[in-house]
file final26.cif (mmCIF, C-alpha atoms)
data_structure
#
loop_
_atom_site.label_atom_id
_atom_site.label_comp_id
_atom_site.auth_asym_id
_atom_site.auth_seq_id
_atom_site.Cartn_x
_atom_site.Cartn_y
_atom_site.Cartn_z
CA MET A 66 32.90 54.38 8.27
CA ALA A 67 30.24 56.45 9.88
CA ARG A 68 27.83 55.54 7.12
CA ARG A 69 28.09 51.84 7.84
CA GLU A 70 27.17 52.20 11.43
CA ASN A 71 24.09 54.03 10.38
CA SER A 72 22.73 51.36 8.08
CA GLU A 73 20.81 48.48 9.61
CA ILE A 74 19.25 45.40 8.07
CA ASN A 75 15.55 45.54 8.37
CA ALA A 76 14.46 42.41 10.14
CA GLY A 77 10.81 43.23 10.11
CA SER A 78 9.96 40.81 7.35
CA MET A 79 11.93 37.93 8.81
CA ALA A 80 8.80 36.64 10.47
CA ASP A 81 7.00 36.58 7.15
CA ILE A 82 9.78 34.60 5.55
CA ALA A 83 9.79 32.07 8.33
CA PHE A 84 6.05 31.78 8.16
CA LEU A 85 6.12 31.11 4.47
CA LEU A 86 8.80 28.48 4.84
CA LEU A 87 6.73 26.81 7.50
CA ILE A 88 3.67 26.77 5.27
CA PHE A 89 5.77 25.45 2.43
CA PHE A 90 7.03 22.50 4.44
CA LEU A 91 3.60 21.80 5.83
CA VAL A 92 2.21 21.60 2.35
CA THR A 93 4.96 19.44 0.88
CA THR A 94 5.12 16.86 3.64
CA THR A 95 1.44 16.00 3.56
CA MET A 96 1.39 15.77 -0.19
CA ASP A 97 0.17 12.52 -1.75
CA VAL A 98 0.35 9.82 0.87
CA ASP A 99 0.80 6.51 -0.83
CA SER A 100 -1.35 3.87 0.75
CA GLY A 101 -2.45 0.47 -0.36
CA ILE A 102 -3.11 -3.14 0.44
CA ALA A 103 0.14 -4.72 1.55
CA ARG A 104 0.86 -8.25 0.48
CA LYS A 105 3.82 -10.51 0.91
CA LEU A 106 4.42 -12.72 -2.09
CA PRO A 107 5.30 -16.36 -1.50
CA GLU A 108 8.90 -17.27 -2.07
CA LYS A 109 9.83 -19.05 -5.24
CA THR A 110 10.51 -22.72 -4.73
CA PRO A 111 13.45 -24.18 -6.62
CA PRO A 112 12.25 -26.05 -9.71
CA ASP A 113 13.90 -29.31 -8.71
CA GLN A 114 12.19 -29.29 -5.35
CA LYS A 115 8.65 -30.55 -5.35
CA ASN A 116 6.83 -29.90 -2.13
CA ASP A 117 3.20 -30.30 -2.84
CA VAL A 118 1.42 -29.87 0.43
CA ILE A 119 -1.70 -31.93 0.74
CA VAL A 120 -4.48 -29.93 2.30
CA LYS A 121 -7.91 -31.15 3.18
CA GLU A 122 -10.63 -29.80 0.94
CA LYS A 123 -12.62 -28.54 3.92
CA ASN A 124 -9.74 -26.33 5.03
CA VAL A 125 -9.73 -24.39 1.77
CA PHE A 126 -12.12 -21.56 1.06
CA ASP A 127 -12.33 -21.37 -2.71
CA ILE A 128 -13.05 -18.08 -4.40
CA VAL A 129 -13.12 -18.05 -8.17
CA VAL A 130 -13.67 -14.91 -10.24
CA ASN A 131 -14.33 -15.15 -13.93
CA ARG A 132 -13.71 -12.58 -16.64
CA ASN A 133 -17.17 -11.14 -16.22
CA ASN A 134 -16.35 -10.32 -12.60
CA GLN A 135 -18.73 -12.96 -11.30
CA ILE A 136 -17.70 -14.64 -8.10
CA LEU A 137 -18.13 -18.28 -7.22
CA VAL A 138 -17.47 -19.39 -3.68
CA GLU A 139 -16.81 -23.00 -2.63
CA ASN A 140 -17.74 -24.13 -6.16
CA ASP A 141 -21.46 -23.83 -5.56
CA GLN A 142 -22.45 -20.35 -4.40
CA TYR A 143 -22.73 -17.38 -6.67
CA VAL A 144 -22.15 -14.34 -4.43
CA GLN A 145 -21.55 -10.61 -4.45
CA VAL A 146 -18.31 -9.00 -3.30
CA THR A 147 -19.97 -7.69 -0.17
CA ASP A 148 -20.84 -11.23 0.94
CA ILE A 149 -17.26 -12.43 0.90
CA LYS A 150 -16.28 -10.88 4.20
CA ARG A 151 -19.10 -12.57 6.09
CA LEU A 152 -18.45 -15.93 4.46
CA ALA A 153 -14.70 -15.68 5.04
CA VAL A 154 -15.19 -14.79 8.70
CA ALA A 155 -17.52 -17.75 9.17
CA PHE A 156 -15.02 -20.02 7.44
CA ILE A 157 -11.87 -18.89 9.26
CA ASP A 158 -13.55 -18.74 12.65
CA ASN A 159 -15.29 -22.10 12.33
CA GLY A 160 -12.86 -24.04 14.52
CA GLY A 161 -14.37 -27.45 13.87
CA GLY A 162 -11.26 -29.44 14.65
CA LEU A 163 -7.71 -29.33 15.96
CA SER A 164 -4.94 -26.91 15.08
CA ALA A 165 -1.89 -27.89 13.09
CA ALA A 166 0.40 -30.05 15.19
CA LYS A 167 3.40 -27.78 15.66
CA ASP A 168 5.08 -28.71 18.90
CA GLY A 169 2.95 -31.34 20.48
CA PRO A 170 -0.50 -32.46 19.42
CA GLY A 171 -3.04 -30.07 17.92
CA VAL A 172 -5.44 -28.26 20.19
CA PRO A 173 -9.01 -27.16 19.49
CA CYS A 174 -9.53 -23.46 18.86
CA ASP A 175 -10.55 -22.02 22.24
CA TYR A 176 -11.05 -18.45 21.01
CA CYS A 177 -13.17 -19.23 17.95
CA GLU A 178 -16.82 -18.32 18.04
CA GLY A 179 -17.75 -20.10 14.84
CA ALA A 180 -20.32 -22.80 14.22
CA LYS A 181 -17.82 -25.64 14.83
CA ASN A 182 -19.13 -27.22 11.67
CA PRO A 183 -17.22 -30.44 10.96
CA ILE A 184 -17.34 -29.92 7.21
CA SER A 185 -15.78 -26.43 7.36
CA SER A 186 -12.29 -25.41 8.46
CA ASP A 187 -10.58 -27.10 11.41
CA HIS A 188 -8.67 -24.19 12.90
CA PRO A 189 -7.71 -20.62 11.87
CA SER A 190 -4.10 -21.74 11.56
CA LYS A 191 -5.17 -24.30 8.96
CA ALA A 192 -7.76 -22.24 7.12
CA ILE A 193 -6.56 -21.33 3.67
CA ILE A 194 -8.25 -18.82 1.42
CA SER A 195 -7.71 -19.52 -2.23
CA LEU A 196 -8.39 -16.76 -4.72
CA GLN A 197 -8.35 -17.82 -8.32
CA SER A 198 -8.92 -15.17 -10.89
CA ASP A 199 -9.19 -15.08 -14.64
CA ARG A 200 -6.63 -13.16 -16.66
CA GLY A 201 -9.49 -11.00 -17.85
CA THR A 202 -10.84 -10.07 -14.44
CA THR A 203 -10.62 -6.36 -13.84
CA TYR A 204 -8.11 -5.15 -11.31
CA GLY A 205 -10.76 -3.22 -9.39
CA MET A 206 -12.65 -6.44 -8.70
CA TYR A 207 -9.47 -8.21 -7.68
CA ILE A 208 -8.62 -5.45 -5.21
CA SER A 209 -12.16 -5.44 -3.83
CA ILE A 210 -11.92 -9.13 -3.04
CA GLN A 211 -8.46 -8.75 -1.52
CA ASN A 212 -9.90 -5.93 0.54
CA GLU A 213 -12.78 -8.08 1.78
CA ILE A 214 -10.41 -10.88 2.75
CA GLU A 215 -8.16 -8.42 4.56
CA GLY A 216 -11.28 -7.05 6.24
CA ALA A 217 -12.30 -10.49 7.45
CA TYR A 218 -8.94 -11.07 9.13
CA THR A 219 -8.94 -7.61 10.66
CA GLU A 220 -12.43 -8.13 12.05
CA LEU A 221 -11.44 -11.41 13.69
CA ARG A 222 -8.23 -9.97 15.10
CA ASN A 223 -10.08 -6.94 16.38
CA ARG A 224 -12.62 -9.13 18.13
CA LEU A 225 -10.00 -11.30 19.77
CA GLY A 226 -8.02 -8.23 20.76
CA MET A 227 -11.07 -6.72 22.44
CA ALA A 228 -11.80 -9.94 24.29
CA LYS A 229 -8.25 -10.50 25.43
CA TYR A 230 -6.67 -7.08 25.89
CA ARG A 231 -9.69 -4.73 25.83
CA ARG A 232 -8.03 -3.11 22.83
CA SER A 233 -8.71 -3.88 19.19
CA TYR A 234 -6.01 -4.95 16.75
CA ASP A 235 -6.22 -1.65 14.88
CA ASP A 236 -5.80 0.28 18.13
CA LEU A 237 -2.84 -1.86 19.11
CA LEU A 238 -1.19 -1.14 15.77
CA LYS A 239 -1.78 2.57 16.34
CA ASP A 240 -0.39 2.35 19.87
CA TYR A 241 2.67 0.58 18.58
CA LYS A 242 3.24 3.30 16.03
CA ASP A 243 2.95 6.04 18.65
CA ASN A 244 5.24 4.35 21.12
CA PRO A 245 6.86 1.11 20.06
CA SER A 246 7.22 -1.17 23.03
CA GLU A 247 7.90 -4.85 23.40
CA SER A 248 4.65 -5.61 25.22
CA ILE A 249 2.45 -4.15 22.50
CA ASN A 250 4.44 -5.90 19.82
CA GLU A 251 3.91 -9.16 21.67
CA LYS A 252 0.15 -8.65 21.65
CA ILE A 253 0.14 -7.82 17.96
CA GLU A 254 2.18 -10.88 17.17
CA PHE A 255 -0.13 -13.01 19.25
CA LEU A 256 -3.20 -11.78 17.36
CA LYS A 257 -1.43 -12.32 14.05
CA GLU A 258 -0.52 -15.81 15.15
CA ALA A 259 -4.08 -16.55 16.26
CA TYR A 260 -5.52 -15.61 12.88
CA PRO A 261 -2.67 -15.97 10.39
CA GLN A 262 -3.32 -14.81 6.86
CA ILE A 263 -2.94 -17.77 4.57
CA ILE A 264 -3.95 -16.72 1.11
CA SER A 265 -3.19 -18.82 -1.89
CA GLU A 266 -3.44 -17.54 -5.42
CA PRO A 267 -3.31 -20.37 -7.91
CA GLU A 268 -2.48 -19.91 -11.56
CA PRO A 269 -5.12 -17.83 -13.33
CA ILE A 270 -7.71 -19.42 -15.57
CA LYS A 271 -6.47 -19.13 -19.12
CA MET B 167 28.83 73.23 0.96
CA SER B 168 25.12 72.85 1.20
CA LYS B 169 25.24 70.23 -1.53
CA PHE B 170 27.65 68.15 0.49
CA LYS B 171 25.46 68.16 3.59
CA LYS B 172 22.43 66.99 1.72
CA LYS B 173 24.18 63.89 0.44
CA LYS B 174 25.28 62.81 3.86
CA LYS B 175 21.85 63.17 5.32
CA GLY B 176 19.73 61.47 2.69
CA LEU B 177 20.94 57.89 2.93
CA PRO B 178 17.91 55.99 1.63
CA ALA B 179 16.99 52.71 3.31
CA ILE B 180 16.38 49.78 0.99
CA SER B 181 12.70 49.35 0.62
CA THR B 182 11.54 46.03 2.02
CA ALA B 183 7.96 46.47 1.02
CA SER B 184 8.28 44.04 -1.89
CA LEU B 185 10.04 41.37 0.12
CA PRO B 186 6.86 39.44 0.97
CA ASP B 187 6.03 39.35 -2.71
CA ILE B 188 9.41 37.91 -3.52
CA VAL B 189 9.08 35.24 -0.87
CA PHE B 190 5.60 34.46 -2.07
CA MET B 191 6.96 33.94 -5.54
CA LEU B 192 9.60 31.60 -4.17
CA LEU B 193 6.96 29.69 -2.27
CA PHE B 194 4.84 29.30 -5.37
CA PHE B 195 7.86 28.16 -7.33
CA PHE B 196 8.68 25.44 -4.84
CA MET B 197 5.11 24.29 -4.59
CA VAL B 198 4.90 23.89 -8.32
CA SER B 199 8.31 22.29 -8.73
CA THR B 200 7.73 19.63 -6.08
CA THR B 201 4.70 18.28 -7.89
CA MET B 202 6.70 18.31 -11.10
CA ARG B 203 9.28 16.01 -9.59
CA GLU B 204 6.94 13.04 -9.85
CA THR B 205 7.54 10.98 -12.95
CA ASP B 206 5.74 12.09 -16.05
CA LEU B 207 3.11 9.57 -16.89
CA LEU B 208 3.30 8.22 -20.40
CA ILE B 209 0.18 6.18 -19.84
CA LYS B 210 -3.23 7.47 -18.88
CA LYS B 211 -3.32 8.39 -15.24
CA PRO B 212 -4.39 5.20 -13.48
CA MET B 213 -7.73 5.41 -11.71
CA LEU B 214 -6.80 3.67 -8.49
CA PRO B 215 -9.37 1.32 -6.98
CA THR B 216 -10.84 2.08 -3.59
CA ALA B 217 -10.20 -0.05 -0.53
CA SER B 218 -10.94 0.31 3.14
CA GLU B 219 -8.28 -1.94 4.67
CA VAL B 220 -5.30 0.10 3.58
CA LYS B 221 -1.90 0.51 5.12
CA LYS B 222 0.26 3.56 4.63
CA LEU B 223 3.52 2.95 2.87
CA GLU B 224 6.39 3.56 5.23
CA MET B 225 9.86 4.64 4.20
CA LYS B 226 9.18 6.30 0.93
CA SER B 227 12.80 6.19 -0.14
CA LEU B 228 12.59 2.40 -0.32
CA VAL B 229 9.53 2.27 -2.51
CA SER B 230 9.75 1.60 -6.22
CA THR B 231 6.62 2.25 -8.18
CA ILE B 232 5.24 0.39 -11.17
CA TYR B 233 2.39 1.98 -13.08
CA VAL B 234 -0.11 -0.06 -15.05
CA GLY B 235 -2.71 1.49 -17.26
CA LYS B 236 -4.01 2.13 -20.72
CA SER B 237 -1.94 3.90 -23.35
CA LYS B 238 -2.70 7.56 -23.96
CA ASP B 239 -3.27 6.70 -27.59
CA SER B 240 -6.74 5.19 -27.60
CA ARG B 241 -5.94 3.18 -30.72
CA ILE B 242 -3.46 1.07 -28.78
CA SER B 243 -5.29 -1.47 -26.65
CA GLY B 244 -4.07 -3.52 -23.75
CA ASP B 245 -2.32 -2.62 -20.54
CA LYS B 246 0.96 -0.76 -20.57
CA ILE B 247 3.51 -0.93 -17.79
CA GLN B 248 5.50 2.14 -16.94
CA VAL B 249 8.49 2.45 -14.65
CA ASN B 250 10.47 5.65 -14.17
CA ASP B 251 10.03 7.49 -17.46
CA LYS B 252 9.52 4.72 -19.94
CA ILE B 253 7.02 2.10 -20.94
CA ILE B 254 8.42 -1.39 -20.56
CA ASP B 255 7.51 -4.98 -21.21
CA VAL B 256 6.66 -7.44 -18.42
CA LYS B 257 9.93 -9.28 -18.94
CA ASP B 258 11.88 -6.08 -18.23
CA VAL B 259 10.44 -5.78 -14.72
CA PRO B 260 13.37 -7.73 -13.19
CA ASN B 261 15.80 -5.27 -14.78
CA PHE B 262 13.91 -2.41 -13.21
CA ILE B 263 13.97 -4.06 -9.79
CA LEU B 264 17.69 -4.74 -10.14
CA SER B 265 18.40 -1.13 -11.03
CA GLU B 266 16.29 0.04 -8.09
CA GLN B 267 18.12 -2.32 -5.74
CA ALA B 268 21.46 -1.07 -7.02
CA LEU B 269 20.57 2.44 -5.88
CA ARG B 270 19.97 1.38 -2.29
CA LYS B 271 22.32 0.19 0.37
CA GLU B 272 22.72 -3.52 0.61
CA GLU B 273 21.13 -3.84 4.03
CA GLU B 274 18.12 -1.85 2.91
CA VAL B 275 17.30 -4.09 -0.04
CA LYS B 276 15.22 -6.50 1.99
CA TYR B 277 12.98 -3.67 3.19
CA MET B 278 12.23 -2.45 -0.29
CA THR B 279 8.60 -2.40 -1.31
CA THR B 280 7.16 -2.41 -4.77
CA SER B 281 4.07 -0.29 -5.11
CA ILE B 282 1.81 -1.23 -7.98
CA LYS B 283 -0.34 1.64 -9.14
CA ALA B 284 -2.74 0.06 -11.53
CA ASP B 285 -5.88 1.27 -13.18
CA LYS B 286 -9.02 -0.40 -11.91
CA GLU B 287 -9.89 -1.35 -15.48
CA ALA B 288 -6.58 -3.16 -15.96
CA ASN B 289 -6.53 -6.92 -16.39
CA VAL B 290 -5.56 -9.08 -13.46
CA GLY B 291 -3.43 -11.12 -15.88
CA THR B 292 -1.00 -8.23 -16.28
CA ILE B 293 -0.77 -7.78 -12.52
CA LEU B 294 -0.21 -11.48 -11.97
CA ASP B 295 2.55 -11.46 -14.59
CA ILE B 296 4.26 -8.62 -12.76
CA LYS B 297 3.87 -10.45 -9.46
CA GLU B 298 5.45 -13.54 -10.99
CA GLN B 299 8.44 -11.48 -12.15
CA LEU B 300 8.77 -9.93 -8.70
CA ARG B 301 8.76 -13.39 -7.17
CA ASP B 302 11.55 -14.37 -9.53
CA MET B 303 13.54 -11.39 -8.31
CA ASN B 304 12.79 -12.17 -4.68
CA ALA B 305 11.21 -8.74 -4.27
CA LEU B 306 8.41 -10.07 -2.15
CA LYS B 307 7.00 -6.99 -0.48
CA VAL B 308 4.22 -5.62 -2.62
CA SER B 309 1.65 -2.94 -2.05
CA PHE B 310 -1.37 -2.53 -4.28
CA SER B 311 -1.86 1.19 -4.29
CA THR B 312 -5.42 2.27 -3.59
CA THR B 313 -7.32 5.27 -2.46
CA LYS B 314 -8.85 5.02 0.97
CA GLY B 315 -12.59 4.87 1.09
CA SER B 316 -15.40 2.59 2.08
CA ASP B 317 -17.45 2.78 -1.07
CA LEU B 318 -16.23 -0.09 -3.21
CA LYS B 319 -19.09 0.15 -5.69
CA ASN B 320 -17.00 2.07 -8.22
CA ASN B 321 -14.33 -0.61 -8.41
CA TYR B 322 -16.18 -2.89 -10.74
#
call {"tool": "encode", "arguments": {"input": "final26.cif", "output": "structure tokens"}}
result
Amino acid sequence: MARRENSEINAGSMADIAFLLLIFFLVTTTMDVDSGIARKLPEKTPPDQKNDVIVKEKNVFDIVVNRNNQILVENDQYVQVTDIKRLAVAFIDNGGGLSAAKDGPGVPCDYCEGAKNPISSDHPSKAIISLQSDRGTTYGMYISIQNEIEGAYTELRNRLGMAKYRRSYDDLLKDYKDNPSESINEKIEFLKEAYPQIISEPEPIK
Amino acid sequence: MSKFKKKKKGLPAISTASLPDIVFMLLFFFMVSTTMRETDLLIKKPMLPTASEVKKLEMKSLVSTIYVGKSKDSRISGDKIQVNDKIIDVKDVPNFILSEQALRKEEEVKYMTTSIKADKEANVGTILDIKEQLRDMNALKVSFSTTKGSDLKNNY
């Protein structure tokens, strides 16, 4: 009995153990963050239902990539990947006409700063970007173009966010992540609505 | 008598000097084993393309990953698709999605994301085929896995 009272567990190394555990968790939680370009695929339409939407040629921004990774824009310009963002911004932001008539008649785009060219897109809500690729196009090229398109929308949303809320779209997204509130979400939704991403990917060239 | 006394006195404390070493070993073990948990790649490790407009994937437990890349055997050409621990055909992608959905709760299914980790040299045709299969399965949330960076020159 007396012996037991004498013995004591040495707690001196407890701190070390805790420290190591802490380091362990720190290391494991930051390990390989998976990030990427998020896309929402269009829903499959039932085969018996034919709803071909007729869209004006001027509201479509055509990008075609062939198997040699060469890019053709609007069927007449041979461009580099780095040009796409600029061209896409100019196209989306053109605002040459009225918006889609949703509830009530269409309205002209009052936040666009584009050239208002009558032969380019009418309104951001009508502007469609069409990306047609060849089956042989490399994936890296495909992602680069997707990235440029994404970049064009982000740039426009950022600009509108700065003008309207003194806060860019990226910052708003960050704010929302830090503290989700209804008012921030409203702003984000508004910016998304102002420049909606409409990307069409037709069947690849065989 | 003297013998008896000595025994009582000399109760040796357990040496804790090697305890840090033991914990260190444990730490190393865990560090190594957590990287092992990732699926063994049967294809060549995909060289992910670079992109600047990336979003982090939220809710890792709801992500199912599809790998696309070249076979390790250089004599076999074309893109191979790997899910979990086996190489599959494009037409088996729906089966994979179904099995992934079966593992999750019903209300979580609509938040599931498919992450496509494809080599930058892969053909877009393969990716589009996979996308078509995903559309068939109504698994519409897709993320093209990339590394974050602003230098896109190496993509093509």
call {"tool": "closest_residue", "arguments": {"input": "final26.cif", "among": "A:Glu266, A:Asn182, A:Ser209, A:Tyr230", "to": "Gly101 of chain A", "atoms": "all atoms listed in the file"}}
result
A:Ser209
call {"tool": "resolve_selection", "arguments": {"input": "final26.cif", "expression": "the PyMOL selection byres ((chain B) within 7 of (chain A))", "output": "PyMOL selection string"}}
result
chain B and resi 186+189+193+215+217-223+286-291+301-302+304+306-313+318+321-322
call {"tool": "write_last_selection", "arguments": {"input": "final26.cif", "atoms": "C-alpha atoms", "output": "PDB file, in the coordinates of the input"}}
result
ATOM      1  CA  PRO B 186       6.860  39.440   0.970  1.00  0.00           C
ATOM      2  CA  VAL B 189       9.080  35.240  -0.870  1.00  0.00           C
ATOM      3  CA  LEU B 193       6.960  29.690  -2.270  1.00  0.00           C
ATOM      4  CA  PRO B 215      -9.370   1.320  -6.980  1.00  0.00           C
ATOM      5  CA  ALA B 217     -10.200  -0.050  -0.530  1.00  0.00           C
ATOM      6  CA  SER B 218     -10.940   0.310   3.140  1.00  0.00           C
ATOM      7  CA  GLU B 219      -8.280  -1.940   4.670  1.00  0.00           C
ATOM      8  CA  VAL B 220      -5.300   0.100   3.580  1.00  0.00           C
ATOM      9  CA  LYS B 221      -1.900   0.510   5.120  1.00  0.00           C
ATOM     10  CA  LYS B 222       0.260   3.560   4.630  1.00  0.00           C
ATOM     11  CA  LEU B 223       3.520   2.950   2.870  1.00  0.00           C
ATOM     12  CA  LYS B 286      -9.020  -0.400 -11.910  1.00  0.00           C
ATOM     13  CA  GLU B 287      -9.890  -1.350 -15.480  1.00  0.00           C
ATOM     14  CA  ALA B 288      -6.580  -3.160 -15.960  1.00  0.00           C
ATOM     15  CA  ASN B 289      -6.530  -6.920 -16.390  1.00  0.00           C
ATOM     16  CA  VAL B 290      -5.560  -9.080 -13.460  1.00  0.00           C
ATOM     17  CA  GLY B 291      -3.430 -11.120 -15.880  1.00  0.00           C
ATOM     18  CA  ARG B 301       8.760 -13.390  -7.170  1.00  0.00           C
ATOM     19  CA  ASP B 302      11.550 -14.370  -9.530  1.00  0.00           C
ATOM     20  CA  ASN B 304      12.790 -12.170  -4.680  1.00  0.00           C
ATOM     21  CA  LEU B 306       8.410 -10.070  -2.150  1.00  0.00           C
ATOM     22  CA  LYS B 307       7.000  -6.990  -0.480  1.00  0.00           C
ATOM     23  CA  VAL B 308       4.220  -5.620  -2.620  1.00  0.00           C
ATOM     24  CA  SER B 309       1.650  -2.940  -2.050  1.00  0.00           C
ATOM     25  CA  PHE B 310      -1.370  -2.530  -4.280  1.00  0.00           C
ATOM     26  CA  SER B 311      -1.860   1.190  -4.290  1.00  0.00           C
ATOM     27  CA  THR B 312      -5.420   2.270  -3.590  1.00  0.00           C
ATOM     28  CA  THR B 313      -7.320   5.270  -2.460  1.00  0.00           C
ATOM     29  CA  LEU B 318     -16.230  -0.090  -3.210  1.00  0.00           C
ATOM     30  CA  ASN B 321     -14.330  -0.610  -8.410  1.00  0.00           C
ATOM     31  CA  TYR B 322     -16.180  -2.890 -10.740  1.00  0.00           C
TER      32      TYR B 322
END
call {"tool": "residues_around", "arguments": {"input": "final26.cif", "residues": "Arg222 of chain A", "least_positions_apart": "4", "cutoff": "12 Å", "atoms": "only C-alpha atoms", "output": "PyMOL selection string"}}
result
chain A and resi 154+157-158+176-177+189+215-218+226-230+232-238+252-262
call {"tool": "axis_aligned_box", "arguments": {"input": "final26.cif", "around": "segment 131-144 of chain A", "padding_each_side": "4 Å", "output": "JSON"}}
result
{"center_x": -18.2, "center_y": -17.2, "center_z": -9.6, "size_x": 17.0, "size_y": 21.8, "size_z": 22.0}
call {"tool": "resolve_selection", "arguments": {"input": "final26.cif", "expression": "the PyMOL selection byres ((chain A and resi 188) around 10)", "output": "PDB file with C-alpha atoms, in the coordinates of the input"}}
result
ATOM      1  CA  ASN A 124      -9.740 -26.330   5.030  1.00  0.00           C
ATOM      2  CA  PHE A 156     -15.020 -20.020   7.440  1.00  0.00           C
ATOM      3  CA  ILE A 157     -11.870 -18.890   9.260  1.00  0.00           C
ATOM      4  CA  ASP A 158     -13.550 -18.740  12.650  1.00  0.00           C
ATOM      5  CA  ASN A 159     -15.290 -22.100  12.330  1.00  0.00           C
ATOM      6  CA  GLY A 160     -12.860 -24.040  14.520  1.00  0.00           C
ATOM      7  CA  GLY A 161     -14.370 -27.450  13.870  1.00  0.00           C
ATOM      8  CA  GLY A 162     -11.260 -29.440  14.650  1.00  0.00           C
ATOM      9  CA  LEU A 163      -7.710 -29.330  15.960  1.00  0.00           C
ATOM     10  CA  SER A 164      -4.940 -26.910  15.080  1.00  0.00           C
ATOM     11  CA  ALA A 165      -1.890 -27.890  13.090  1.00  0.00           C
ATOM     12  CA  GLY A 171      -3.040 -30.070  17.920  1.00  0.00           C
ATOM     13  CA  VAL A 172      -5.440 -28.260  20.190  1.00  0.00           C
ATOM     14  CA  PRO A 173      -9.010 -27.160  19.490  1.00  0.00           C
ATOM     15  CA  CYS A 174      -9.530 -23.460  18.860  1.00  0.00           C
ATOM     16  CA  ASP A 175     -10.550 -22.020  22.240  1.00  0.00           C
ATOM     17  CA  CYS A 177     -13.170 -19.230  17.950  1.00  0.00           C
ATOM     18  CA  LYS A 181     -17.820 -25.640  14.830  1.00  0.00           C
ATOM     19  CA  SER A 185     -15.780 -26.430   7.360  1.00  0.00           C
ATOM     20  CA  SER A 186     -12.290 -25.410   8.460  1.00  0.00           C
ATOM     21  CA  ASP A 187     -10.580 -27.100  11.410  1.00  0.00           C
ATOM     22  CA  PRO A 189      -7.710 -20.620  11.870  1.00  0.00           C
ATOM     23  CA  SER A 190      -4.100 -21.740  11.560  1.00  0.00           C
ATOM     24  CA  LYS A 191      -5.170 -24.300   8.960  1.00  0.00           C
ATOM     25  CA  ALA A 192      -7.760 -22.240   7.120  1.00  0.00           C
ATOM     26  CA  ILE A 193      -6.560 -21.330   3.670  1.00  0.00           C
ATOM     27  CA  ALA A 259      -4.080 -16.550  16.260  1.00  0.00           C
ATOM     28  CA  TYR A 260      -5.520 -15.610  12.880  1.00  0.00           C
TER      29      TYR A 260
END
call {"tool": "closest_residue", "arguments": {"input": "final26.cif", "among": "A:Asn250, A:Gln114, A:Val138, A:Glu220", "to": "Gln197 of chain A", "atoms": "all atoms listed in the file"}}
result
A:Val138
call {"tool": "atom_distance", "arguments": {"input": "final26.cif", "atom1": "atom CA of Ile184 of chain A", "atom2": "atom CA of Ile136 of chain A"}}
result
21.6 Å
call {"tool": "residues_around", "arguments": {"input": "final26.cif", "residues": "Thr280 of chain B", "least_positions_apart": "3", "cutoff": "6 Å", "atoms": "all atoms listed in the file", "output": "VMD selection string"}}
result
chain B and resid 229 to 231 308
call {"tool": "atom_distance", "arguments": {"input": "final26.cif", "atom1": "atom CA of Pro112 of chain A", "atom2": "atom CA of Ile264 of chain A"}}
result
21.6 Å
call {"tool": "atom_distance", "arguments": {"input": "final26.cif", "atom1": "atom CA of Val275 of chain B", "atom2": "atom CA of Lys252 of chain B"}}
result
23.1 Å
call {"tool": "resolve_selection", "arguments": {"input": "final26.cif", "expression": "the PyMOL selection byres ((chain A and resi 127) around 9)", "output": "ChimeraX atom specification"}}
result
/A:125-126,128-129,137-140,193-197
call {"tool": "closest_residue", "arguments": {"input": "final26.cif", "among": "B:Leu214, B:Leu192, B:Ile254, B:Leu228", "to": "Gly315 of chain B", "atoms": "all atoms listed in the file"}}
result
B:Leu214
call {"tool": "residues_near_point", "arguments": {"input": "final26.cif", "point": "(16.3, -1.9, -10.1)", "cutoff": "12 Å", "atoms": "all atoms listed in the file", "output": "PyMOL selection string"}}
result
chain B and resi 228-232+249-250+258-270+275+278-280+300+303+305
call {"tool": "residues_near_point", "arguments": {"input": "final26.cif", "point": "(-6.0, 0.1, -25.1)", "cutoff": "12 Å", "atoms": "all atoms listed in the file", "output": "NGL selection string"}}
result
:B and (209-210 or 234-246 or 285 or 287-289)
call {"tool": "build_atoms", "arguments": {"input": "final26.cif", "residues": "segment 226-233 of chain B", "atoms": "N, CA and C atoms", "output": "compact mmCIF listing (two decimals), in the coordinates of the input"}}
result
# COMPACT_ATOMS: atom_id res chain seq x y z
N LYS B 226 9.41 6.02 2.34
CA LYS B 226 9.18 6.30 0.93
C LYS B 226 10.43 6.11 0.07
N SER B 227 11.58 6.29 0.66
CA SER B 227 12.80 6.19 -0.14
C SER B 227 13.05 4.75 -0.60
N LEU B 228 12.36 3.80 0.04
CA LEU B 228 12.59 2.40 -0.32
C LEU B 228 11.47 1.85 -1.19
N VAL B 229 10.66 2.73 -1.71
CA VAL B 229 9.53 2.27 -2.51
C VAL B 229 9.84 2.47 -3.99
N SER B 230 9.66 1.44 -4.77
CA SER B 230 9.75 1.60 -6.22
C SER B 230 8.35 1.39 -6.81
N THR B 231 8.00 2.25 -7.70
CA THR B 231 6.62 2.25 -8.18
C THR B 231 6.53 1.72 -9.61
N ILE B 232 5.54 0.89 -9.83
CA ILE B 232 5.24 0.39 -11.17
C ILE B 232 3.83 0.86 -11.52
N TYR B 233 3.70 1.52 -12.66
CA TYR B 233 2.39 1.98 -13.08
C TYR B 233 1.83 1.03 -14.14
